[in-house]
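protein.pdb follows; it contains PDB, C-alpha atoms.
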```pdb
ATOM      1  CA  MET C   1      13.239 -16.290   6.989
ATOM      2  CA  ALA C   2       9.770 -16.267   8.552
ATOM      3  CA  ASP C   3       6.645 -16.874   6.508
ATOM      4  CA  LEU C   4       4.833 -13.801   5.253
ATOM      5  CA  ALA C   5       1.549 -12.785   6.800
ATOM      6  CA  PRO C   6      -1.325 -13.389   4.399
ATOM      7  CA  PRO C   7      -2.238 -10.422   2.222
ATOM      8  CA  SER C   8      -5.067  -8.134   3.184
ATOM      9  CA  PRO C   9      -8.507  -9.384   2.102
ATOM     10  CA  PHE C  10      -8.961  -5.972   0.445
ATOM     11  CA  PHE C  11      -5.832  -6.591  -1.635
ATOM     12  CA  VAL C  12      -7.222  -9.960  -2.744
ATOM     13  CA  LEU C  13     -10.472  -8.287  -3.817
ATOM     14  CA  GLN C  14      -8.516  -5.680  -5.820
ATOM     15  CA  LEU C  15      -6.178  -8.116  -7.591
ATOM     16  CA  ASP C  16      -8.062  -8.079 -10.909
ATOM     17  CA  ARG C  17      -7.963  -4.275 -10.933
ATOM     18  CA  ILE C  18      -4.243  -4.365 -10.115
ATOM     19  CA  ARG C  19      -3.591  -6.770 -12.996
ATOM     20  CA  ALA C  20      -5.528  -4.531 -15.399
ATOM     21  CA  ALA C  21      -3.759  -1.388 -14.157
ATOM     22  CA  ALA C  22      -0.353  -3.021 -14.647
ATOM     23  CA  ARG C  23      -0.860  -2.577 -18.397
ATOM     24  CA  LEU C  24      -0.509   1.187 -17.827
ATOM     25  CA  GLY C  25       2.889   1.030 -16.127
ATOM     26  CA  CYS C  26       4.845  -0.413 -13.243
ATOM     27  CA  VAL C  27       3.195  -1.550 -10.016
ATOM     28  CA  ILE C  28       4.827  -0.325  -6.827
ATOM     29  CA  ASP C  29       4.293  -1.460  -3.255
ATOM     30  CA  LEU C  30       5.199   1.419  -0.932
ATOM     31  CA  ALA C  31       6.661   0.601   2.479
ATOM     32  CA  CYS C  32       6.578  -3.012   1.310
ATOM     33  CA  GLY C  33       8.495  -4.542   4.204
ATOM     34  CA  ARG C  34       9.154  -8.231   3.551
ATOM     35  CA  GLY C  35       6.617  -8.323   0.721
ATOM     36  CA  ARG C  36       3.210  -9.146   2.212
ATOM     37  CA  HIS C  37       1.615  -7.616  -0.924
ATOM     38  CA  ALA C  38       4.537  -7.494  -3.369
ATOM     39  CA  VAL C  39       4.906 -11.287  -3.332
ATOM     40  CA  PRO C  40       1.264 -12.138  -4.125
ATOM     41  CA  THR C  41       1.242  -9.398  -6.773
ATOM     42  CA  ALA C  42       4.219 -11.025  -8.485
ATOM     43  CA  GLU C  43       2.694 -14.496  -7.978
ATOM     44  CA  ALA C  44      -0.310 -13.191  -9.938
ATOM     45  CA  GLY C  45       2.041 -12.538 -12.860
ATOM     46  CA  VAL C  46       2.472  -8.802 -12.282
ATOM     47  CA  PRO C  47       6.037  -7.454 -12.001
ATOM     48  CA  VAL C  48       6.327  -5.245  -8.933
ATOM     49  CA  ILE C  49       8.761  -2.759  -7.428
ATOM     50  CA  GLY C  50       8.886  -3.024  -3.645
ATOM     51  CA  ILE C  51      10.022   0.211  -1.974
ATOM     52  CA  ASP C  52      11.085   0.367   1.673
ATOM     53  CA  ARG C  53      13.787   1.991   3.768
ATOM     54  CA  ASP C  54      14.615  -1.163   5.744
ATOM     55  CA  ALA C  55      17.560  -2.881   4.044
ATOM     56  CA  VAL C  56      17.102  -6.103   6.030
ATOM     57  CA  ARG C  57      13.465  -6.464   4.997
ATOM     58  CA  LEU C  58      14.300  -5.654   1.390
ATOM     59  CA  HIS C  59      16.997  -8.333   1.438
ATOM     60  CA  GLU C  60      14.405 -10.825   2.715
ATOM     61  CA  LEU C  61      12.097  -9.729  -0.109
ATOM     62  CA  PHE C  62      14.919 -10.226  -2.613
ATOM     63  CA  GLU C  63      15.598 -13.710  -1.218
ATOM     64  CA  THR C  64      11.897 -14.631  -1.408
ATOM     65  CA  ALA C  65      11.668 -13.362  -4.979
ATOM     66  CA  SER C  66      14.815 -15.257  -5.989
ATOM     67  CA  THR C  67      13.706 -18.492  -4.321
ATOM     68  CA  ARG C  68      10.241 -18.368  -5.895
ATOM     69  CA  ASP C  69      11.451 -16.968  -9.244
ATOM     70  CA  LEU C  70       9.247 -13.879  -8.940
ATOM     71  CA  GLU C  71       9.666 -10.602 -10.793
ATOM     72  CA  ILE C  72      10.131  -8.239  -7.850
ATOM     73  CA  THR C  73      12.578  -5.353  -7.817
ATOM     74  CA  PRO C  74      13.459  -4.223  -4.286
ATOM     75  CA  LEU C  75      14.259  -0.509  -4.073
ATOM     76  CA  ARG C  76      15.632   1.107  -0.929
ATOM     77  CA  ALA C  77      14.332   4.611  -0.282
ATOM     78  CA  ASP C  78      13.281   6.686   2.682
ATOM     79  CA  LEU C  79       9.792   7.733   1.636
ATOM     80  CA  GLU C  80       9.653  10.383   4.333
ATOM     81  CA  ALA C  81      12.652  12.378   3.166
ATOM     82  CA  PRO C  82      12.101  14.324   0.933
ATOM     83  CA  SER C  83       8.531  12.979   0.780
ATOM     84  CA  ARG C  84       8.796  11.848  -2.806
ATOM     85  CA  ILE C  85       8.553   8.461  -4.409
ATOM     86  CA  PRO C  86      11.722   7.708  -6.433
ATOM     87  CA  ILE C  87       9.662   6.826  -9.510
ATOM     88  CA  ALA C  88       8.969   9.001 -12.562
ATOM     89  CA  ASP C  89       5.701  10.921 -12.529
ATOM     90  CA  GLY C  90       2.946   9.241 -14.544
ATOM     91  CA  SER C  91       4.796   5.924 -14.771
ATOM     92  CA  CYS C  92       2.798   3.712 -12.386
ATOM     93  CA  GLY C  93      -0.110   1.553 -13.358
ATOM     94  CA  ALA C  94      -0.808   0.915  -9.686
ATOM     95  CA  VAL C  95       0.440   2.017  -6.290
ATOM     96  CA  LEU C  96      -0.194  -0.254  -3.303
ATOM     97  CA  VAL C  97      -0.009   1.105   0.249
ATOM     98  CA  PHE C  98      -0.821  -1.045   3.271
ATOM     99  CA  ARG C  99      -0.333  -0.186   6.951
ATOM    100  CA  TYR C 100       1.639   2.947   6.195
ATOM    101  CA  LEU C 101       0.740   6.602   6.463
ATOM    102  CA  HIS C 102       2.865   9.609   5.629
ATOM    103  CA  ARG C 103       0.432  12.311   4.587
ATOM    104  CA  ALA C 104       3.097  14.453   2.910
ATOM    105  CA  LEU C 105       3.615  11.659   0.365
ATOM    106  CA  SER C 106       0.060  11.811  -1.012
ATOM    107  CA  GLY C 107       0.855  14.296  -3.791
ATOM    108  CA  SER C 108       3.789  12.191  -4.934
ATOM    109  CA  ILE C 109       1.574   9.094  -4.968
ATOM    110  CA  VAL C 110      -0.980  10.816  -7.191
ATOM    111  CA  ARG C 111       1.725  12.183  -9.517
ATOM    112  CA  ALA C 112       3.300   8.707  -9.828
ATOM    113  CA  LEU C 113       0.084   7.249 -11.220
ATOM    114  CA  ALA C 114      -0.388   7.101 -14.970
ATOM    115  CA  PRO C 115      -3.714   8.428 -16.251
ATOM    116  CA  GLY C 116      -6.167   5.656 -15.374
ATOM    117  CA  GLY C 117      -3.697   4.291 -12.795
ATOM    118  CA  LEU C 118      -4.973   2.617  -9.633
ATOM    119  CA  LEU C 119      -4.304   3.382  -5.982
ATOM    120  CA  VAL C 120      -5.061   0.630  -3.455
ATOM    121  CA  TYR C 121      -4.643   1.930   0.083
ATOM    122  CA  GLU C 122      -5.394   0.445   3.499
ATOM    123  CA  THR C 123      -4.231   1.715   6.861
ATOM    124  CA  PHE C 124      -5.256   2.335  10.445
ATOM    125  CA  THR C 125      -7.757   4.882  11.727
ATOM    126  CA  THR C 126      -7.889   6.667  15.084
ATOM    127  CA  ARG C 127     -10.298   4.008  16.347
ATOM    128  CA  GLN C 128      -7.297   1.652  16.479
ATOM    129  CA  ARG C 129      -6.381   3.173  19.847
ATOM    130  CA  GLU C 130      -9.593   1.721  21.322
ATOM    131  CA  LEU C 131      -8.437  -1.802  20.432
ATOM    132  CA  GLY C 132      -5.321  -1.691  22.629
ATOM    133  CA  HIS C 133      -2.758  -2.758  20.009
ATOM    134  CA  GLY C 134      -1.090  -1.322  16.932
ATOM    135  CA  PRO C 135      -0.100   2.271  16.244
ATOM    136  CA  ARG C 136      -1.175   4.967  18.695
ATOM    137  CA  SER C 137       0.453   8.119  17.332
ATOM    138  CA  PRO C 138      -1.899  10.507  15.477
ATOM    139  CA  GLU C 139       0.669  10.821  12.692
ATOM    140  CA  PHE C 140       0.067   7.153  11.812
ATOM    141  CA  LEU C 141      -3.736   7.116  12.230
ATOM    142  CA  LEU C 142      -6.344   8.457   9.845
ATOM    143  CA  GLN C 143      -9.190  10.629  11.052
ATOM    144  CA  PRO C 144     -12.718   9.498  10.075
ATOM    145  CA  GLY C 145     -13.245  10.131   6.356
ATOM    146  CA  GLU C 146      -9.688  11.398   5.879
ATOM    147  CA  LEU C 147      -8.425   8.876   3.308
ATOM    148  CA  PRO C 148     -10.799   9.880   0.480
ATOM    149  CA  GLN C 149     -10.144  13.543   1.353
ATOM    150  CA  ILE C 150      -6.381  13.062   1.014
ATOM    151  CA  PHE C 151      -6.933  11.612  -2.462
ATOM    152  CA  ALA C 152      -9.899  13.788  -3.471
ATOM    153  CA  GLU C 153      -8.442  14.454  -6.922
ATOM    154  CA  LEU C 154      -8.740  10.733  -7.739
ATOM    155  CA  GLU C 155     -11.923   8.961  -8.787
ATOM    156  CA  ILE C 156     -12.992   6.953  -5.736
ATOM    157  CA  LEU C 157     -13.949   3.427  -6.778
ATOM    158  CA  GLU C 158     -14.363   1.969  -3.286
ATOM    159  CA  HIS C 159     -14.047   3.304   0.231
ATOM    160  CA  TRP C 160     -14.746   1.604   3.550
ATOM    161  CA  GLU C 161     -13.910   2.372   7.153
ATOM    162  CA  GLY C 162     -14.571   0.225  10.177
ATOM    163  CA  ILE C 163     -13.315  -2.608  12.313
ATOM    164  CA  SER C 164     -11.979  -5.614  10.420
ATOM    165  CA  SER C 165     -12.215  -8.998  12.071
ATOM    166  CA  ALA C 166      -9.300 -11.097  10.928
ATOM    167  CA  PRO C 167      -6.984 -12.284  12.341
ATOM    168  CA  GLN C 168      -7.522  -9.814  15.183
ATOM    169  CA  PRO C 169      -9.713  -6.705  15.065
ATOM    170  CA  GLU C 170      -8.172  -3.655  13.400
ATOM    171  CA  ALA C 171      -9.651  -0.204  12.819
ATOM    172  CA  ILE C 172      -8.876   0.512   9.193
ATOM    173  CA  ALA C 173      -9.781   2.578   6.181
ATOM    174  CA  ARG C 174      -9.672   1.082   2.685
ATOM    175  CA  LEU C 175      -9.605   2.929  -0.591
ATOM    176  CA  ALA C 176      -9.436   1.971  -4.257
ATOM    177  CA  ALA C 177      -9.183   5.010  -6.510
ATOM    178  CA  ARG C 178      -8.209   5.815 -10.088
ATOM    179  CA  ARG C 179      -6.320   8.762 -11.519
ATOM    180  CA  ARG C 180      -8.544  10.578 -13.939
ATOM    181  CA  HIS C 181      -7.486  10.689 -17.603
TER     182      HIS C 181
END
```
What is this file in structure tokens?
Amino acid sequence: MADLAPPSPFFVLQLDRIRAAARLGCVIDLACGRGRHAVPTAEAGVPVIGIDRDAVRLHELFETASTRDLEITPLRADLEAPSRIPIADGSCGAVLVFRYLHRALSGSIVRALAPGGLLVYETFTTRQRELGHGPRSPEFLLQPGELPQIFAELEILEHWEGISSAPQPEAIARLAARRRH
């Protein structure tokens, strides 16, 4: 089992908000893969549900959680069919989404959040194509200013778009937003 990539710097900056939001309900990491963000969430003392469609990656996440005695529940689901999160509406204190975009899922993400619940989202923008690596398909790249528009019904706490520098440049959009009470 390979080591996990370090979590996003944006995730690290949001960790206190994630901890606070966890009091409102479960924390889920959508398209969690091997647990780049689920593992540090659980290491911070927050139980997390990691959702992904890749059984191999979820098994690796389960093994990591077992080895490190972390409270992570892997859940296998194809988030793109039928474009719904398999979690009860209003039950999530926080939803984490990193390097994943399926626009049709946005309504389900908002509905999953409890009142006051937190969304932490970071993914690629169309400027990523200029960098010569990473996703190239428009379905996986945000247009300028699109992320806060997708989640316009939430209270935007932070939003940033640009080129990140570490470990290699990436064109990304970051959003922290809260479901209104």
Residues matched by the PyMOL selection byres ((chain C and resi 15) around 12) as number ranges by chain: C: 7-14, 16-22, 27, 37-38, 40-46, 94, 96, 118-120, 176
Residues selected by the PyMOL selection byres ((chain C and resi 137-154) around 10), written as a PyMOL selection string: chain C and resi 99-104+106-107+109-110+116-119+121-129+134-136+155-162+171-181
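Applied to this file, the PyMOL selection byres ((chain C and resi 89) around 7) selects Ile87, Ala88, Gly90, Ser91, Arg111, Ala112 and Leu113 of chain C.
Atom CA of C:Glu130 is positioned 28.9 Å from atom CA of C:Asp54.
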One-decimal distance in Å that lies between atom CA of C:Ala5 and atom CA of C:Cys32: 12.3 Å
Atom pair atom CA of C:Asp69 / atom CA of C:Val48: separation (Å): 12.8 Å
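Taking all atoms listed in the file into account, C:Pro6 lies nearest to C:Gly35 out of the set C:Gly132, C:Gly93, C:Gly35, C:Pro86.
For the residues C:Leu4, C:Arg84, C:Leu75, C:Cys92, ranking by smallest atom-to-atom distance to C:Arg34 using all atoms listed in the file places C:Leu4 first.
Considering the residues C:Leu79, C:Val97, C:Leu131, C:Ala114 and counting all atoms listed in the file, C:Asp52 has its shortest atom-to-atom contact with C:Leu79.
With distances restricted to only C-alpha atoms, C:Ile72 is the closest residue to C:Asp29 from C:Leu105, C:Val56, C:Ile72, C:Ala81.
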Coordinates of box centre and edge lengths for stretch 7-25 of chain C, 5 Å on every side, axis-aligned, as lines of an AutoDock Vina configuration file:
```
center_x = -3.8
center_y = -4.6
center_z = -7.6
size_x = 23.4
size_y = 21.6
size_z = 31.6
```
N, CA, C and O atoms are needed for stretch 152-171 of chain C; please write them out as a PDB file, in the frame of the given file.
```pdb
ATOM      1  N   ALA C 152      -8.672  13.254  -2.872  1.00  0.00           N
ATOM      2  CA  ALA C 152      -9.899  13.788  -3.471  1.00  0.00           C
ATOM      3  C   ALA C 152      -9.788  14.007  -4.975  1.00  0.00           C
ATOM      4  O   ALA C 152     -10.800  13.967  -5.679  1.00  0.00           O
ATOM      5  N   GLU C 153      -8.573  14.221  -5.480  1.00  0.00           N
ATOM      6  CA  GLU C 153      -8.442  14.454  -6.922  1.00  0.00           C
ATOM      7  C   GLU C 153      -8.553  13.163  -7.734  1.00  0.00           C
ATOM      8  O   GLU C 153      -8.657  13.204  -8.959  1.00  0.00           O
ATOM      9  N   LEU C 154      -8.565  12.016  -7.053  1.00  0.00           N
ATOM     10  CA  LEU C 154      -8.740  10.733  -7.739  1.00  0.00           C
ATOM     11  C   LEU C 154     -10.222  10.363  -7.782  1.00  0.00           C
ATOM     12  O   LEU C 154     -11.016  10.822  -6.962  1.00  0.00           O
ATOM     13  N   GLU C 155     -10.568   9.506  -8.715  1.00  0.00           N
ATOM     14  CA  GLU C 155     -11.923   8.961  -8.787  1.00  0.00           C
ATOM     15  C   GLU C 155     -12.012   7.815  -7.775  1.00  0.00           C
ATOM     16  O   GLU C 155     -11.295   6.811  -7.899  1.00  0.00           O
ATOM     17  N   ILE C 156     -12.855   7.965  -6.777  1.00  0.00           N
ATOM     18  CA  ILE C 156     -12.992   6.953  -5.736  1.00  0.00           C
ATOM     19  C   ILE C 156     -13.831   5.791  -6.284  1.00  0.00           C
ATOM     20  O   ILE C 156     -14.990   5.986  -6.667  1.00  0.00           O
ATOM     21  N   LEU C 157     -13.246   4.620  -6.318  1.00  0.00           N
ATOM     22  CA  LEU C 157     -13.949   3.427  -6.778  1.00  0.00           C
ATOM     23  C   LEU C 157     -14.592   2.684  -5.616  1.00  0.00           C
ATOM     24  O   LEU C 157     -15.696   2.168  -5.737  1.00  0.00           O
ATOM     25  N   GLU C 158     -13.873   2.622  -4.503  1.00  0.00           N
ATOM     26  CA  GLU C 158     -14.363   1.969  -3.286  1.00  0.00           C
ATOM     27  C   GLU C 158     -13.751   2.659  -2.087  1.00  0.00           C
ATOM     28  O   GLU C 158     -12.585   3.047  -2.117  1.00  0.00           O
ATOM     29  N   HIS C 159     -14.547   2.775  -1.032  1.00  0.00           N
ATOM     30  CA  HIS C 159     -14.047   3.304   0.231  1.00  0.00           C
ATOM     31  C   HIS C 159     -14.835   2.644   1.351  1.00  0.00           C
ATOM     32  O   HIS C 159     -16.059   2.509   1.269  1.00  0.00           O
ATOM     33  N   TRP C 160     -14.119   2.220   2.378  1.00  0.00           N
ATOM     34  CA  TRP C 160     -14.746   1.604   3.550  1.00  0.00           C
ATOM     35  C   TRP C 160     -13.905   1.932   4.771  1.00  0.00           C
ATOM     36  O   TRP C 160     -12.678   1.946   4.697  1.00  0.00           O
ATOM     37  N   GLU C 161     -14.574   2.184   5.870  1.00  0.00           N
ATOM     38  CA  GLU C 161     -13.910   2.372   7.153  1.00  0.00           C
ATOM     39  C   GLU C 161     -14.665   1.584   8.193  1.00  0.00           C
ATOM     40  O   GLU C 161     -15.897   1.542   8.177  1.00  0.00           O
ATOM     41  N   GLY C 162     -13.931   0.970   9.101  1.00  0.00           N
ATOM     42  CA  GLY C 162     -14.571   0.225  10.177  1.00  0.00           C
ATOM     43  C   GLY C 162     -13.575  -0.670  10.883  1.00  0.00           C
ATOM     44  O   GLY C 162     -12.366  -0.479  10.784  1.00  0.00           O
ATOM     45  N   ILE C 163     -14.122  -1.641  11.575  1.00  0.00           N
ATOM     46  CA  ILE C 163     -13.315  -2.608  12.313  1.00  0.00           C
ATOM     47  C   ILE C 163     -13.299  -3.907  11.519  1.00  0.00           C
ATOM     48  O   ILE C 163     -14.350  -4.506  11.275  1.00  0.00           O
ATOM     49  N   SER C 164     -12.111  -4.325  11.107  1.00  0.00           N
ATOM     50  CA  SER C 164     -11.979  -5.614  10.420  1.00  0.00           C
ATOM     51  C   SER C 164     -11.880  -6.708  11.472  1.00  0.00           C
ATOM     52  O   SER C 164     -11.526  -6.453  12.619  1.00  0.00           O
ATOM     53  N   SER C 165     -12.140  -7.927  11.075  1.00  0.00           N
ATOM     54  CA  SER C 165     -12.215  -8.998  12.071  1.00  0.00           C
ATOM     55  C   SER C 165     -11.059  -9.985  12.059  1.00  0.00           C
ATOM     56  O   SER C 165     -10.906 -10.733  13.004  1.00  0.00           O
ATOM     57  N   ALA C 166     -10.274 -10.025  10.997  1.00  0.00           N
ATOM     58  CA  ALA C 166      -9.300 -11.097  10.928  1.00  0.00           C
ATOM     59  C   ALA C 166      -7.884 -10.567  10.771  1.00  0.00           C
ATOM     60  O   ALA C 166      -7.687  -9.571  10.094  1.00  0.00           O
ATOM     61  N   PRO C 167      -6.886 -11.216  11.345  1.00  0.00           N
ATOM     62  CA  PRO C 167      -6.984 -12.284  12.341  1.00  0.00           C
ATOM     63  C   PRO C 167      -7.343 -11.747  13.724  1.00  0.00           C
ATOM     64  O   PRO C 167      -7.892 -12.449  14.552  1.00  0.00           O
ATOM     65  N   GLN C 168      -7.030 -10.474  13.976  1.00  0.00           N
ATOM     66  CA  GLN C 168      -7.522  -9.814  15.183  1.00  0.00           C
ATOM     67  C   GLN C 168      -8.130  -8.489  14.738  1.00  0.00           C
ATOM     68  O   GLN C 168      -7.776  -7.962  13.692  1.00  0.00           O
ATOM     69  N   PRO C 169      -9.052  -7.942  15.497  1.00  0.00           N
ATOM     70  CA  PRO C 169      -9.713  -6.705  15.065  1.00  0.00           C
ATOM     71  C   PRO C 169      -8.724  -5.566  14.827  1.00  0.00           C
ATOM     72  O   PRO C 169      -7.760  -5.395  15.572  1.00  0.00           O
ATOM     73  N   GLU C 170      -8.968  -4.835  13.741  1.00  0.00           N
ATOM     74  CA  GLU C 170      -8.172  -3.655  13.400  1.00  0.00           C
ATOM     75  C   GLU C 170      -9.124  -2.576  12.904  1.00  0.00           C
ATOM     76  O   GLU C 170     -10.056  -2.864  12.148  1.00  0.00           O
ATOM     77  N   ALA C 171      -8.877  -1.341  13.311  1.00  0.00           N
ATOM     78  CA  ALA C 171      -9.651  -0.204  12.819  1.00  0.00           C
ATOM     79  C   ALA C 171      -8.940   0.334  11.589  1.00  0.00           C
ATOM     80  O   ALA C 171      -7.824   0.861  11.689  1.00  0.00           O
TER      81      ALA C 171
END
```
